[in-house]
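Enquirer: Have a peek at work28.txt (compact mmCIF, C-alpha atoms).
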```txt
# COMPACT_ATOMS: atom_id res chain seq x y z
CA MET A 81 -30.41 9.14 29.78
CA GLU A 82 -33.70 9.82 31.56
CA ASN A 83 -33.92 9.76 35.32
CA ASN A 84 -35.64 6.53 36.28
CA HIS A 85 -36.20 7.24 39.97
CA ARG A 86 -39.92 6.53 40.16
CA SER A 87 -42.76 6.27 42.59
CA GLY A 88 -45.69 3.87 42.25
CA ASP A 89 -48.23 4.67 39.51
CA THR A 90 -51.72 3.82 40.65
CA ALA A 91 -53.28 4.54 37.24
CA ARG A 92 -51.47 1.77 35.39
CA SER A 93 -52.76 -1.74 34.83
CA THR A 94 -50.99 -5.08 35.00
CA PRO A 95 -51.79 -8.30 33.13
CA ALA A 96 -53.78 -9.60 36.09
CA GLN A 97 -55.10 -6.17 37.13
CA ALA A 98 -52.86 -6.45 40.19
CA GLU A 99 -53.60 -4.46 43.29
CA ASN A 100 -52.46 -0.85 42.94
CA GLY A 101 -49.81 0.77 45.08
CA HIS A 102 -46.10 0.55 45.74
CA ARG A 103 -44.59 -2.93 45.97
CA THR A 104 -41.41 -3.61 47.90
CA VAL A 105 -39.11 -5.48 45.53
CA GLN A 106 -36.41 -7.58 47.10
CA THR A 107 -32.96 -7.97 45.55
CA ALA A 108 -33.25 -11.72 44.96
CA PRO A 109 -32.00 -12.85 41.54
CA LEU A 110 -33.84 -15.38 39.38
CA LEU A 111 -37.57 -15.91 39.39
CA ASN A 112 -36.98 -19.05 37.34
CA ASP A 113 -37.08 -22.31 39.29
CA SER A 114 -34.26 -23.97 37.36
CA GLY A 115 -31.39 -22.32 39.27
CA CYS A 116 -27.86 -22.58 37.93
CA PRO A 117 -27.07 -24.62 34.83
CA GLN A 118 -25.39 -27.98 35.29
CA THR A 119 -22.22 -26.78 33.56
CA ALA A 120 -20.71 -23.33 33.20
CA LEU A 121 -20.75 -21.76 29.77
CA ALA A 122 -17.61 -21.15 27.77
CA GLY A 123 -15.35 -18.38 29.03
CA GLY A 124 -15.84 -16.22 25.94
CA ALA A 125 -19.64 -16.25 26.03
CA VAL A 126 -21.62 -12.99 26.06
CA ALA A 127 -24.77 -12.37 28.07
CA VAL A 128 -27.23 -9.48 27.92
CA VAL A 129 -29.09 -7.81 30.79
CA ILE A 130 -32.22 -5.88 29.82
CA PRO A 131 -33.83 -3.85 32.62
CA ALA A 132 -37.58 -3.73 31.96
CA SER A 133 -39.07 -2.79 35.32
CA GLY A 134 -39.93 0.81 34.55
CA VAL A 135 -43.27 2.51 34.18
CA GLY A 136 -42.77 5.01 31.37
CA HIS A 137 -45.00 7.85 32.55
CA ARG A 138 -44.25 10.07 29.55
CA LEU A 139 -45.69 7.60 27.07
CA GLY A 140 -49.11 7.89 28.70
CA ALA A 141 -50.12 4.28 27.97
CA PRO A 142 -52.35 2.18 30.28
CA VAL A 143 -49.55 -0.38 30.69
CA PRO A 144 -45.77 0.06 31.07
CA LYS A 145 -44.34 0.97 27.68
CA GLN A 146 -42.37 -2.26 27.29
CA TYR A 147 -45.71 -4.09 27.05
CA VAL A 148 -47.36 -1.80 24.50
CA MET A 149 -48.24 -3.87 21.44
CA ILE A 150 -46.51 -3.26 18.12
CA HIS A 151 -47.53 -5.49 15.20
CA GLY A 152 -49.17 -8.00 17.55
CA ARG A 153 -46.24 -8.34 19.92
CA PRO A 154 -45.18 -6.28 22.96
CA LEU A 155 -42.32 -3.83 22.62
CA ILE A 156 -40.15 -5.96 24.93
CA TYR A 157 -40.34 -8.83 22.43
CA HIS A 158 -38.81 -6.71 19.68
CA THR A 159 -36.00 -5.63 22.02
CA ILE A 160 -35.29 -9.20 23.12
CA ASN A 161 -35.37 -10.44 19.53
CA SER A 162 -32.69 -7.93 18.50
CA PHE A 163 -30.29 -9.90 20.70
CA HIS A 164 -31.85 -13.36 20.52
CA ARG A 165 -30.92 -13.67 16.86
CA VAL A 166 -27.26 -12.75 17.51
CA ALA A 167 -25.19 -15.96 17.48
CA TYR A 168 -22.62 -14.89 20.09
CA VAL A 169 -25.29 -13.89 22.63
CA GLU A 170 -26.00 -16.97 24.73
CA SER A 171 -28.22 -15.69 27.54
CA ILE A 172 -30.56 -12.74 27.94
CA VAL A 173 -31.70 -11.73 31.44
CA VAL A 174 -34.81 -9.54 31.51
CA THR A 175 -35.56 -7.85 34.84
CA ILE A 176 -39.28 -7.29 35.45
CA LEU A 177 -41.75 -6.59 38.22
CA PRO A 178 -43.24 -9.78 39.70
CA GLU A 179 -46.79 -9.12 38.45
CA TRP A 180 -45.50 -9.47 34.87
CA LYS A 181 -43.77 -12.82 35.44
CA ASP A 182 -46.56 -15.03 34.03
CA TYR A 183 -47.02 -12.74 31.04
CA LEU A 184 -43.34 -12.81 30.12
CA GLN A 185 -43.00 -16.54 30.72
CA LYS A 186 -45.87 -17.17 28.29
CA LEU A 187 -44.26 -14.85 25.74
CA ILE A 188 -40.97 -16.71 26.08
CA LYS A 189 -42.70 -20.06 25.53
CA ASP A 190 -44.93 -18.92 22.66
CA GLU A 191 -42.11 -17.20 20.77
CA GLY A 192 -39.44 -19.84 21.45
CA LEU A 193 -37.11 -17.39 23.22
CA HIS A 194 -34.94 -20.11 24.74
CA LYS A 195 -32.07 -17.77 25.64
CA VAL A 196 -34.17 -15.69 28.03
CA LEU A 197 -34.05 -15.81 31.83
CA ILE A 198 -36.28 -13.75 34.10
CA ALA A 199 -34.97 -11.83 37.10
CA LEU A 200 -36.73 -9.67 39.63
CA GLY A 201 -36.51 -5.95 38.91
CA ASP A 202 -37.00 -2.82 40.99
CA GLU A 203 -39.49 -0.15 39.92
CA THR A 204 -37.71 2.58 41.90
CA SER A 205 -34.24 2.27 40.36
CA ARG A 206 -32.80 1.25 37.01
CA HIS A 207 -29.48 0.49 38.68
CA LEU A 208 -31.02 -1.89 41.22
CA SER A 209 -32.74 -3.76 38.40
CA ILE A 210 -29.44 -4.06 36.53
CA ARG A 211 -27.67 -5.22 39.69
CA ASN A 212 -30.27 -7.95 40.11
CA GLY A 213 -29.83 -9.00 36.50
CA LEU A 214 -26.07 -9.23 36.94
CA ALA A 215 -26.51 -11.29 40.12
CA ALA A 216 -28.68 -13.75 38.19
CA LEU A 217 -25.67 -14.54 35.98
CA ARG A 218 -23.21 -15.30 38.80
CA CYS A 219 -23.02 -19.04 38.18
CA HIS A 220 -23.02 -18.94 34.39
CA GLY A 221 -19.31 -18.34 33.77
CA TYR A 222 -19.56 -15.24 31.57
CA GLU A 223 -16.63 -12.93 30.99
CA HIS A 224 -18.55 -10.11 29.32
CA VAL A 225 -22.06 -8.69 29.57
CA VAL A 226 -24.08 -6.28 27.46
CA ILE A 227 -26.52 -3.83 29.08
CA HIS A 228 -29.46 -2.58 27.06
CA ASP A 229 -32.94 -1.12 27.75
CA GLY A 230 -36.31 -2.79 27.35
CA ALA A 231 -37.67 0.24 25.49
CA ARG A 232 -34.92 0.23 22.84
CA PRO A 233 -36.11 -2.22 20.16
CA PHE A 234 -33.40 -1.40 17.61
CA VAL A 235 -29.77 -2.49 17.74
CA SER A 236 -27.28 -2.05 14.92
CA PRO A 237 -25.37 -5.37 14.59
CA PRO A 238 -22.10 -3.65 13.58
CA VAL A 239 -22.34 -1.24 16.52
CA LEU A 240 -23.14 -4.09 18.92
CA LEU A 241 -20.16 -6.08 17.69
CA GLU A 242 -17.83 -3.09 18.00
CA VAL A 243 -19.09 -2.28 21.50
CA VAL A 244 -18.51 -5.88 22.63
CA THR A 245 -15.08 -6.01 20.95
CA LYS A 246 -14.00 -2.73 22.57
CA ALA A 247 -15.23 -3.93 25.97
CA LYS A 248 -13.06 -7.03 25.65
CA GLN A 249 -10.10 -4.76 24.94
CA HIS A 250 -10.73 -1.98 27.47
CA GLY A 251 -13.07 -3.39 30.11
CA ALA A 252 -16.01 -1.20 29.14
CA ALA A 253 -17.52 0.40 26.05
CA GLY A 254 -20.72 2.13 25.07
CA ALA A 255 -22.59 3.48 22.08
CA VAL A 256 -22.83 7.26 21.82
CA VAL A 257 -24.20 9.80 19.36
CA LYS A 258 -22.95 13.30 18.61
CA CYS A 259 -24.73 16.22 20.24
CA THR A 260 -26.55 18.43 17.75
CA SER A 261 -27.13 21.30 20.19
CA THR A 262 -24.92 23.09 22.66
CA ILE A 263 -25.01 21.54 26.14
CA LEU A 264 -25.50 23.92 29.07
CA LEU A 265 -24.35 22.98 32.57
CA LEU A 266 -26.60 24.42 35.29
CA ASP A 267 -25.82 25.29 38.88
CA ASN A 268 -27.95 24.18 41.84
CA ASP A 269 -30.30 27.13 41.33
CA GLN A 270 -30.94 26.19 37.69
CA HIS A 271 -28.85 29.08 36.41
CA LEU A 272 -26.20 28.83 33.74
CA GLU A 273 -22.86 27.68 35.11
CA LYS A 274 -21.05 27.14 31.83
CA CYS A 275 -21.40 25.98 28.24
CA LEU A 276 -19.76 22.68 27.45
CA ASP A 277 -17.57 22.23 24.40
CA ARG A 278 -20.00 20.55 22.00
CA PRO A 279 -17.38 18.79 19.81
CA ARG A 280 -16.16 16.98 22.93
CA CYS A 281 -19.66 16.03 24.15
CA ARG A 282 -21.53 12.86 23.32
CA GLN A 283 -24.99 11.60 24.21
CA SER A 284 -24.89 8.22 25.92
CA GLU A 285 -26.97 5.52 24.24
CA MET A 286 -27.21 1.73 24.28
CA PRO A 287 -25.90 -0.92 24.00
CA GLN A 288 -23.04 -0.88 26.47
CA ALA A 289 -20.72 -3.80 27.25
CA PHE A 290 -18.45 -4.60 30.16
CA SER A 291 -16.17 -7.09 31.79
CA TYR A 292 -18.77 -9.03 33.74
CA PRO A 293 -16.68 -9.60 36.91
CA ARG A 294 -15.64 -5.94 37.01
CA LEU A 295 -19.16 -4.58 36.49
CA LEU A 296 -20.53 -6.96 39.13
CA GLU A 297 -17.90 -5.68 41.56
CA ALA A 298 -18.63 -2.05 40.64
CA TYR A 299 -22.32 -2.50 41.44
CA GLY A 300 -21.46 -4.26 44.67
CA LYS A 301 -19.36 -1.30 45.81
CA ALA A 302 -21.52 1.54 44.46
CA ASP A 303 -22.94 3.93 47.04
CA GLU A 304 -26.66 4.07 47.74
CA HIS A 305 -27.16 7.54 46.27
CA ALA A 306 -25.67 6.48 42.93
CA LEU A 307 -27.81 3.35 42.83
CA LEU A 308 -31.05 5.11 43.69
CA HIS A 309 -30.65 8.34 41.73
CA GLY A 310 -28.25 7.62 38.88
CA THR A 311 -28.97 6.00 35.51
CA GLU A 312 -25.61 5.76 33.72
CA VAL A 313 -23.94 2.33 33.88
CA LEU A 314 -20.65 3.68 32.52
CA ASP A 315 -20.57 6.01 35.52
CA ILE A 316 -20.98 3.12 37.98
CA TYR A 317 -18.12 1.30 36.27
CA HIS A 318 -15.86 4.35 35.97
CA ALA A 319 -16.30 5.20 39.67
CA LEU A 320 -14.49 1.99 40.62
CA TYR A 321 -12.11 1.83 37.66
CA PRO A 322 -11.22 5.48 36.91
CA ASP A 323 -7.98 4.53 35.16
CA ASP A 324 -9.67 2.32 32.56
CA LYS A 325 -9.94 3.88 29.11
CA VAL A 326 -13.65 3.35 28.52
CA ALA A 327 -14.23 3.13 24.76
CA LEU A 328 -17.03 5.10 23.09
CA VAL A 329 -18.46 3.83 19.81
CA GLU A 330 -20.14 6.30 17.45
CA ALA A 331 -23.70 5.25 16.60
CA THR A 332 -26.50 6.79 14.55
CA PRO A 333 -29.50 8.42 16.30
CA ASP A 334 -31.95 6.99 13.76
CA VAL A 335 -31.23 3.46 15.10
CA HIS A 336 -30.09 3.92 18.68
CA TRP A 337 -33.00 5.66 20.38
CA LYS A 338 -35.47 4.94 23.18
CA VAL A 339 -39.25 4.77 23.01
CA THR A 340 -40.28 7.58 25.35
CA HIS A 341 -43.13 9.71 23.96
CA PRO A 342 -46.48 8.72 22.38
CA GLY A 343 -45.28 9.40 18.84
CA ASP A 344 -42.39 6.97 19.32
CA ILE A 345 -44.73 3.96 19.18
CA GLU A 346 -45.84 4.88 15.66
CA ARG A 347 -42.25 5.57 14.67
CA ALA A 348 -41.14 2.18 15.98
CA ALA A 349 -44.05 0.44 14.24
CA ASN A 350 -43.06 2.01 10.91
CA LEU A 351 -39.44 0.90 11.32
CA LEU A 352 -40.45 -2.64 12.34
CA LYS A 353 -42.56 -3.26 9.22
```
Once you've parsed the file, please lay out its structure as structure tokens.

Expert:
Amino acid sequence: MENNHRSGDTARSTPAQAENGHRTVQTAPLLNDSGCPQTALAGGAVAVVIPASGVGHRLGAPVPKQYVMIHGRPLIYHTINSFHRVAYVESIVVTILPEWKDYLQKLIKDEGLHKVLIALGDETSRHLSIRNGLAALRCHGYEHVVIHDGARPFVSPPVLLEVVTKAKQHGAAGAVVKCTSTILLLDNDQHLEKCLDRPRCRQSEMPQAFSYPRLLEAYGKADEHALLHGTEVLDIYHALYPDDKVALVEATPDVHWKVTHPGDIERAANLLK
């Protein structure tokens, strides 16, 4: 996964042309005013947390990539919809920067995305955004949670189901794809340290699923360096539960990929026709 440790981007625009510069984002959970539901959801329910607070410098768009339009709707809509139409997904928490709150609330209303909650994200750290999304679900009674990315509009239903099923069996599971090139491990001076055994290597993708209480605890106990500089959720989980046999589900790279570079928008538009 890409390193999402970012600084403010003064060249990007927001829906209200918000004032440029870094914004300090607190770790409060929901931006919604409704608070907790009146009754807890069933114990077997599944929720999804989608961090969407990033900037996406490499795409080179005037807005964060999750708001780039594809067929008349922003990229984040297509990602949300991949889960919204899944019957066993009951809630979807999307973590965003506060200047995009009104925009996303209007999108939710206009598109009838009744499963979606909004939580406050953090532009400096993917992990902090995910932690906030998990905190927003504390009073909902979920046993398992799926983590995805706002810039990944495609989800294979069979892979999603297998990832969730494996997480219920093992505590954690994630989609992976086979490496097509040899992976080189570098030392601190950027020199070759060793070649990794390619048949044993996998590229981490999304979705990933976890025991919700265990992942919430793992984020609560994670050290600051991991939260600020890391990107891999499986690593956060495995640091606290090293004895768990985290399951890896083989996926296909033509479906499970992330919009990152300018050509990816056209590719996504072709696939979403």

Enquirer: May I ask for the distance between atom CA of A:Leu197 and atom CA of A:His224, given in Å to one decimal place?

Expert: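 If I compute the distance from atom CA of A:Leu197 to atom CA of A:His224, I get 16.7 Å.
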
Enquirer: Return as a Markdown table the residues of stretch 189-296 of chain A lying at most 9 Å from stretch 331-352 of chain A, together with the closest atom-to-atom pair for each and the distance in Å to one decimal, counting all atoms listed in the file, with rows in chain order and ascending residue number.

Expert:
```
| residue | atom | partner | partner_atom | distance |
| --- | --- | --- | --- | --- |
| A:Asp229 | CA | A:Lys338 | CA | 8.0 |
| A:Gly230 | CA | A:Lys338 | CA | 8.8 |
| A:Ala231 | CA | A:Val339 | CA | 5.4 |
| A:Arg232 | CA | A:Lys338 | CA | 4.8 |
| A:Pro233 | CA | A:Lys338 | CA | 7.8 |
| A:Phe234 | CA | A:Val335 | CA | 5.9 |
| A:Val235 | CA | A:His336 | CA | 6.5 |
| A:Ser236 | CA | A:Val335 | CA | 6.8 |
| A:Val239 | CA | A:Ala331 | CA | 6.6 |
| A:Ala255 | CA | A:Ala331 | CA | 5.9 |
| A:Val256 | CA | A:Ala331 | CA | 5.7 |
| A:Val257 | CA | A:Ala331 | CA | 5.3 |
| A:Lys258 | CA | A:Ala331 | CA | 8.3 |
| A:Glu285 | CA | A:His336 | CA | 6.6 |
| A:Met286 | CA | A:His336 | CA | 6.7 |
| A:Pro287 | CA | A:His336 | CA | 8.3 |
```

Enquirer: Considering only C-alpha atoms, tabulate each residue of stretch 264-324 of chain A that lies at most 10 Å from stretch 198-219 of chain A along with its nearest interatomic pair and the corresponding distance in Å to one decimal; arrange the rows by chain and ascending residue number and present them as a Markdown table.

Expert:
```
| residue | atom | partner | partner_atom | distance |
| --- | --- | --- | --- | --- |
| A:Tyr292 | CA | A:Leu214 | CA | 8.0 |
| A:Pro293 | CA | A:Arg218 | CA | 8.9 |
| A:Leu295 | CA | A:Leu214 | CA | 8.3 |
| A:Leu296 | CA | A:Leu214 | CA | 6.4 |
| A:Glu297 | CA | A:Arg211 | CA | 10.0 |
| A:Ala298 | CA | A:Arg211 | CA | 9.6 |
| A:Tyr299 | CA | A:Arg211 | CA | 6.3 |
| A:Gly300 | CA | A:Arg211 | CA | 8.0 |
| A:Ala302 | CA | A:His207 | CA | 9.9 |
| A:Glu304 | CA | A:Leu208 | CA | 9.9 |
| A:Ala306 | CA | A:His207 | CA | 8.3 |
| A:Leu307 | CA | A:His207 | CA | 5.3 |
| A:Leu308 | CA | A:Ser205 | CA | 5.4 |
| A:His309 | CA | A:Ser205 | CA | 7.2 |
| A:Gly310 | CA | A:His207 | CA | 7.2 |
| A:Thr311 | CA | A:Arg206 | CA | 6.3 |
| A:Glu312 | CA | A:His207 | CA | 8.2 |
| A:Val313 | CA | A:His207 | CA | 7.6 |
| A:Ile316 | CA | A:His207 | CA | 8.9 |
```

Enquirer: Using all atoms listed in the file, which of A:Gln288, A:Thr159, A:Gln283, A:Thr262 sits nearest A:Gln146?

Expert: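 Among the listed residues, the smallest separation from A:Gln146 belongs to A:Thr159.
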
Enquirer: Tell me which of A:Leu193, A:Val143, A:Ile263, A:Val126 sits closest to A:Ala167, counting all atoms listed in the file.

Expert: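 Distance minimum relative to A:Ala167 lands on A:Val126.
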
Enquirer: To one decimal place in Å, what is the distance between atom CA of A:His158 and atom CA of A:Asp315?

Expert: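 For atom CA of A:His158 relative to atom CA of A:Asp315, the distance reads 27.3 Å.
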
Enquirer: Quick one: 6 Å padding each side, axis-aligned, all listed atoms of stretch 274-283 of chain A - centre and edge lengths in Å to one decimal, as AutoDock Vina command-line options?

Expert:
```
--center_x -20.6 --center_y 19.4 --center_z 25.8 --size_x 20.8 --size_y 27.5 --size_z 24.0
```

Enquirer: Using all atoms listed in the file, can you tell me which of A:Ser133, A:Cys281, A:Arg165, A:Tyr157 comes closest to A:Leu177?

Expert: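 Using all atoms listed in the file, A:Leu177 sits closest to A:Ser133.
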
Enquirer: Nearest to A:Phe163: which of A:Ile176, A:Leu187, A:Val196, A:Val329 is it, counting all atoms listed in the file?

Expert: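 Looking only at the distances to A:Phe163, the closest residue turns out to be A:Val196.
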
Enquirer: Would you mind reading off the distance between atom CA of A:His164 and atom CA of A:His318, one decimal, in Å?

Expert: 28.4 Å

Enquirer: Please determine, counting all atoms listed in the file, which residue among A:Arg280, A:Lys274, A:His228, A:Lys246 has the shortest atom-to-atom distance to A:Pro131.

Expert: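 Closest to A:Pro131, using all atoms listed in the file: A:His228.
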
Enquirer: Kindly reconstruct stretch 271-285 of chain A with N, CA and C atoms and present the result as a short mmCIF file (atom, residue, chain, number, x, y, z; two decimals), keeping the file's coordinate frame.

Expert:
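What landed in selection25.cif:
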```cif
data_model
loop_
_atom_site.label_atom_id
_atom_site.label_comp_id
_atom_site.auth_asym_id
_atom_site.auth_seq_id
_atom_site.Cartn_x
_atom_site.Cartn_y
_atom_site.Cartn_z
N HIS A 271 -29.42 28.00 37.20
CA HIS A 271 -28.85 29.08 36.41
C HIS A 271 -27.65 28.56 35.63
N LEU A 272 -27.32 29.25 34.58
CA LEU A 272 -26.20 28.83 33.74
C LEU A 272 -24.89 28.87 34.53
N GLU A 273 -24.19 27.74 34.52
CA GLU A 273 -22.86 27.68 35.11
C GLU A 273 -21.80 27.80 34.03
N LYS A 274 -21.96 27.01 32.96
CA LYS A 274 -21.05 27.14 31.83
C LYS A 274 -21.60 26.37 30.63
N CYS A 275 -21.08 26.71 29.47
CA CYS A 275 -21.40 25.98 28.24
C CYS A 275 -20.31 24.95 28.01
N LEU A 276 -20.72 23.73 27.71
CA LEU A 276 -19.76 22.68 27.45
C LEU A 276 -19.32 22.72 25.98
N ASP A 277 -18.14 22.24 25.75
CA ASP A 277 -17.57 22.23 24.40
C ASP A 277 -18.25 21.14 23.58
N ARG A 278 -19.17 21.54 22.70
CA ARG A 278 -20.00 20.55 22.00
C ARG A 278 -19.20 19.50 21.23
N PRO A 279 -18.12 19.83 20.52
CA PRO A 279 -17.38 18.79 19.81
C PRO A 279 -16.84 17.68 20.72
N ARG A 280 -16.67 17.98 22.01
CA ARG A 280 -16.16 16.98 22.93
C ARG A 280 -17.28 16.23 23.65
N CYS A 281 -18.53 16.64 23.46
CA CYS A 281 -19.66 16.03 24.15
C CYS A 281 -20.31 14.94 23.30
N ARG A 282 -20.78 13.93 23.97
CA ARG A 282 -21.53 12.86 23.32
C ARG A 282 -22.74 12.51 24.17
N GLN A 283 -23.79 12.07 23.52
CA GLN A 283 -24.99 11.60 24.21
C GLN A 283 -24.89 10.09 24.40
N SER A 284 -25.01 9.65 25.63
CA SER A 284 -24.89 8.22 25.92
C SER A 284 -26.12 7.46 25.44
N GLU A 285 -25.89 6.36 24.74
CA GLU A 285 -26.97 5.52 24.24
C GLU A 285 -26.69 4.08 24.65
#
```
